[in-house]
Amino acid sequence: MPLNPDTSPNLTLVLVITALVTVGVYLLLERSLSRVLIGVILLGNAANLLFLVAGGAAGRPPLVGSAEPSEMSDPLPQAMALTAIVITLAMTAFLLAMAYRSWQLHRHDEVQDDVEDRRIARLAARDERATTDADTEDTRSTLDEEAAETRDETDDAPSERTTPVEVP
Amino acid sequence: MLLLLAVHLAAAVVAPVLVRWIGRKAFWVLALAPASATVWALTQTAAVQAGEGPVEVVRWIPSLGLELAFRLDTLGWLMTLLVGGVGALVLVYCSAYFSPKATGLGRFSGVLTAFAGAMLGLVTADDLLLVFVFWELTTVFSYLLIGHYNDRKASRRAAMQAIVLTTAGGLTMLVGIILLGEAAGTYRLSAVLADPPQGTTVTAGVVCLLVGAVTKSAMIPLHFWLPAAMAAPTPVSAYLHAAAMVKAGIYLIARFAPAYADLTAWQVVVLTLGCGSLLVGGYRALRQHDLKLVLAFGTVSQLGLLVVLVGFGTRATALAGLAMLGAHAMFKAALFLVVGVVDAATGTRELRRLSGVGRALPITALAGGLATASMIGLPPFAGYVAKEAALEAIAHHEGGLSGQVVYWAVVVGSALTVAYGLRFFWGAFATKSSVAHPPVHDAGSGAAPDRATAPDRDGPAVPATITRPSLVLVYPSLVLAVLGLAAAVLPGLGEHLLSPYADGFAGEPGHLVLWAGVTPTLLTTLGIVAAGAGLFAARGPVERLQASVPPVPEADHLYRRLMRKLDDLAADVTALTQRGSLPVYLGGILLVFVGAVGGAMLTVTSLPESTRAWDHPAQALFGVLVVVSAILTARARRRLKAVILLGVSGYGVAALFLLHGAPDLALTQVLTETVTLVVFVLVLRRLPAYFSDRPLAASRWVRLGIGLAVGLTVGGLALVVPGARVHVPVSDLFAAEAYEFGGGKNIVNVTLVDVRAWDTMGEISVLLVAATGVASLVFLQKRSGAIFRADEANEGRQVWAIGGQDAAAALRQPAHAPLPPTPSGAYPGLAHGVRRTGERSKEWLRAGRTLAPRRRSVIFEVTTRLLFHTMIVYSAYLLFSGHNAPGGGFAAGLVTGVALVVRYLAGGRYELGEAAPVQPGLLLGSGLFLSAGVGLVALLAGGSVLQSWIVDIHVPVIGTIHLVTSLFFDVGVYLVVVGLVLDILRTLGAEIDRQAEAGEHTGGSEDHTQAGSAGQVFGAGAQGTADTDGMIRTAEADLEVQR
């Protein structure tokens, strides 16, 4: 017996998903880590609802014997959403621990801009270099002039040699 | 051929160890590897001659069509002889060249041997991609060898320049290879060449190949890396920059010339760059004073000639080109080795300071003289034979104007070659009147010679002293020089051996001869030699003339300026894209999502034919609740308010789950929301009460805009996705399978623990990782803190004592305190009794007395005492019945977690320790172990991993128990979830309490935060508001301390 074949979308749930995602993204783009986290949780709820909508129409609980399979809701998205819910809990705890740590170190839980990135941008605006490498600095002499002055570590002690040497 | 490559690889790997054991003699052993390649190629001569050279194909990654294909034909045979032969001689040379105490000799020997192997692979590979791999390997090894003296700036820069240029060429070549291989439908080199594809794409690909070849072979305008690479040790210059690596480009051109030499683009690139390099290199060589640089610019010139010859595309030039290839490898390697001998003996390569070297080192001078004669094309040497054949072939080609230009370029280039060849020999060996005769140190004298310092350019030249070099240094160059003579004596044999390659071209066959009578070509050669000799004789005026020419910008300087500009561009791009701001990054990702998914949705999908307003009217009710509370959450300024509204929204979602027919989801969602709420509050009590005020301007509207865009995109997805099915749902048969194979009626639970158990396994692993992460963020010094047991609590320990004012403190004073007893006496009496008796049987909670008195709530304690065990029993019920009814490991674990939350809130961290006296790590670990173990047991029992077994057990009183083995998997899930919640409580709850009480990391801003303690929020209710002034003062004091 196939599952409930009705695949028309449920407008109420579609609107709820739209609203939750909008608010979630709005908060996600905030600087305060706890607001970001709230945004993530709202997005998670929206995603779980999206799973259910994608699975088709509502129906009876998917318990064998309680209803015909054609009247049941699709169990597969439910199983996926169920683990997602618990993982969201784990991630909430993790992000909160991060917020706490941020508070311990900086007395706030705001996500700051990366200092190094800002420094590079500032220097680039002035066409200055972020790092200096003596190897690449322009020098007067060309590389082949420099190459002419290199010397190999050759055998300088012919007297200790046991092999024959060239004799005129 | 694979065996030979393996020999090279093994030799390269053991080389450093070998050098440590037996010192420089190790080079003799290593020389066996390239020597074996030479011997092998010689044994294959007859087969190659007959066109039946060995072929080896090993399937490597069949699904990608990658294979290790090798083939030896005439071109590969010649290159193998050169690469192997010169390689072996150079390695032998190294054994006497370097000082036994030279630094990095072990690494050097390994890299040089590996390079020989890479070169061998390159010239025998019969797969385009394999050619590329070996090509890049030679680039990398060359980088390591040029930069051998990594403590010298010149070496590092030269190596970096060489690798940047040749890798850029190599990558271009890869593009060409892919264009060509895709057009041909195969990457087998021999197959591509047998049936070469045509067309514009292929022409572009061939030009890309040529770009790779000309960078590797140091053609103008990228020739400058080769003179700079003279910073490498001299044996490296002899091998890489004369015989082997720079020949790789020539090899590639020669390889593809039979198929593509008639393309106009090919002719333009090859002839222009070849002739240009031929002339520029020769011209530049005439004013060098360093012997190696004379040779280096000479090599640029000769490579130009080789490119012209092998790329010209007629049968006669191809033969001449191959002959020249062999002759050049022999004489140029010999000359570099001779320079090394002179350098080692005198300590300088400055030709204005060298004098009398030829008299002191006659054998070296002999080798140098023979090789020079071959280079400038004097009979009877290989160079002469090849050059005669080349001039003859070009002169007889009906090429119109371009043929004429090439002919004259070769003539002029050859005259320049004569001039710088004589300059080299004169510079190295002549006795010069401008230099005083140097003293000669005998081998036995033992006197340390004075090493040359920088030449004095203005005053009279200081002569260099000469020591006598080992004959091991002299023989390799002598062998190569004599071979150049021998090859010329038997020109017919050379023609016979090389003609199979040339036969691949159309046109009249060329010939290699020593004496062809008095021909126009012979006269031209005489003219060339005379002109070159004249140029050499007039070297003083020529040098002055070159110096007086206004200097063109050095290619090297242009390169550096270009690299500088590239750096600036990179910095600008980095500044533009790497803003370092999380919102900007996330916004970028989300906009890409909107563009890609939204665009696809608008173009590909269509709106559903029918829609439903709702499945059940109550959905609308809860939908409004969810949306309104979510919007209010976003608007809330106070953290606690936001979190509570978030919880309301979450419970609303749970209701929507239930209405959709997903009771398991609803149950889990409700429990999760509860735990989330508690976790939030546990942390929020440490954070400021309000979200920080930020100046909100346009950015808010931008965020709202992005939010709306993403929301509408996802909403659109939700509209079209249900109707997008083209296949029957995979869950169609779940109902039947769940009962029959999974042994359960709750399909969702069976899906979790059986059908998709691997997913669940991955997900509980994520839980474990997250719990570990939380613990490590809070317990900074060790993995986990101690378990707080009530017995170990200090007498008088007052958990959650900080913060707020204790208005009722007076009421709780013990009876014998100075304060007068209250009329009723009930409160002090109770407090007194509880604190002093120490009999736990009289307490509701075991660790209740560890709380600060004002944090205790009798009602809460009694309720906890009554509820806790009920909740545990309920969770056990959910766990065991979950297979057939809503529930399961996740829900059961969360219920147990909530029970622990209640104990913690009622009695503090010691109470939590009493409730669950285990480390959460133990629960997490054993849970994952149990779940994975069930999978393994099924495997051992002969089933597949995580397969379920259904066992019916008859128990006398209870009846039949329908036991499914996946229950144990669910128990593992249960343990992991309990471990997660316990971990959260112990870190974000207990440990933060302890840190606050110990004064760690607290800013004295207890009052600044949401609430002083969990108890303040949950237990005794919120106490007085913050003493703002005091808070600010303490915060400032704390900042002082931190500084």
# chains A, B, ... in the order shown; residues from 1 in each chain; ligands from 1
>>> closest_atom_pairs(of="chain B", to="chain A", cutoff="6 Å", atoms="only C-alpha atoms", output="tab-separated table")
residue	atom	partner	partner_atom	distance
B:Tyr97	CA	A:Thr154	CA	5.5
B:Phe98	CA	A:Thr154	CA	4.3
B:Ser99	CA	A:Asp155	CA	3.9
B:Ala102	CA	A:Glu153	CA	5.6
B:Ala154	CA	A:Glu146	CA	5.9
B:Pro227	CA	A:Asp144	CA	5.3
B:Ala228	CA	A:Asp144	CA	4.3
B:Met230	CA	A:Ala147	CA	5.5
B:Ala231	CA	A:Ala147	CA	4.3
B:Pro233	CA	A:Asp152	CA	5.7
B:Asp290	CA	A:Ala148	CA	6.0
B:Ala344	CA	A:Thr154	CA	5.9
B:Pro362	CA	A:Pro168	CA	5.9
B:Ala443	CA	A:Ser159	CA	5.5
B:Gly444	CA	A:Ser159	CA	5.4
B:Gly446	CA	A:Ser159	CA	5.1
B:Arg468	CA	A:Glu166	CA	5.8
B:Pro469	CA	A:Val165	CA	5.7
B:Ser470	CA	A:Val165	CA	4.2
B:Leu471	CA	A:Val165	CA	5.1
B:Ala571	CA	A:Ala124	CA	5.5
B:Asp572	CA	A:Ala124	CA	5.5
B:Ala575	CA	A:Ala121	CA	4.2
B:Gly580	CA	A:Asp114	CA	4.4
B:Ser581	CA	A:Asp113	CA	4.7
B:Pro583	CA	A:Leu29	CA	4.8
B:Ser610	CA	A:Ser8	CA	5.7
B:Thr611	CA	A:Ser8	CA	5.0
B:Arg612	CA	A:Asn10	CA	5.0
B:Ala613	CA	A:Leu11	CA	4.9
B:Trp614	CA	A:Asn10	CA	5.4
B:Gly623	CA	A:Val16	CA	5.9
B:His660	CA	A:Ala58	CA	4.5
B:Gly661	CA	A:Pro61	CA	4.5
B:Ala662	CA	A:Pro61	CA	5.6
B:Leu665	CA	A:Leu82	CA	5.6
B:Arg703	CA	A:Tyr26	CA	5.3
B:Leu704	CA	A:Tyr26	CA	5.5
B:Gly707	CA	A:Thr22	CA	4.3
B:Leu708	CA	A:Thr22	CA	5.1
B:Gly711	CA	A:Thr22	CA	4.5
B:Leu712	CA	A:Thr18	CA	5.8
B:Gly715	CA	A:Thr18	CA	4.7
B:Ala718	CA	A:Val14	CA	5.9
B:Leu719	CA	A:Pro9	CA	5.6
B:Val721	CA	A:Ala54	CA	5.7
B:Pro722	CA	A:Ala54	CA	4.7
B:Gly723	CA	A:Thr7	CA	5.4
B:Ser731	CA	A:Leu76	CA	6.0
B:Asp732	CA	A:Pro2	CA	5.7
B:Lys745	CA	A:Val64	CA	4.6
B:Asn746	CA	A:Leu63	CA	4.6
B:Ile747	CA	A:Pro62	CA	5.8
B:Val748	CA	A:Ala79	CA	5.3
B:Leu767	CA	A:Ala90	CA	5.9
B:Ala770	CA	A:Ala90	CA	5.8
B:Val774	CA	A:Phe94	CA	5.0
B:His1001	CA	A:Gln104	CA	5.8
>>> select_by_dssp(residues="chain A", states="strand (DSSP E or B)", output="list in words")
Asn10, Ser32, Arg60, Leu63, Val64, Ala67, Met72, Glu110, Thr154 and Val165 of chain A
>>> closest_residue(among="B:Gly413, B:Gly716, B:Gly972, B:Gly540", to="B:Pro608", atoms="only C-alpha atoms")
B:Gly716
>>> atom_distance(atom1="atom CA of B:Leu480", atom2="atom CA of B:His328")
10.5 Å
>>> residues_around(residues="stretch 211-219 of chain B", least_positions_apart="6", cutoff="9 Å", atoms="only C-alpha atoms", output="VMD selection string")
chain B and resid 139 165 to 174 176 225 to 226 241 245 to 253 269 to 270 273 to 274 276 to 278 299 to 301 303 to 304 307
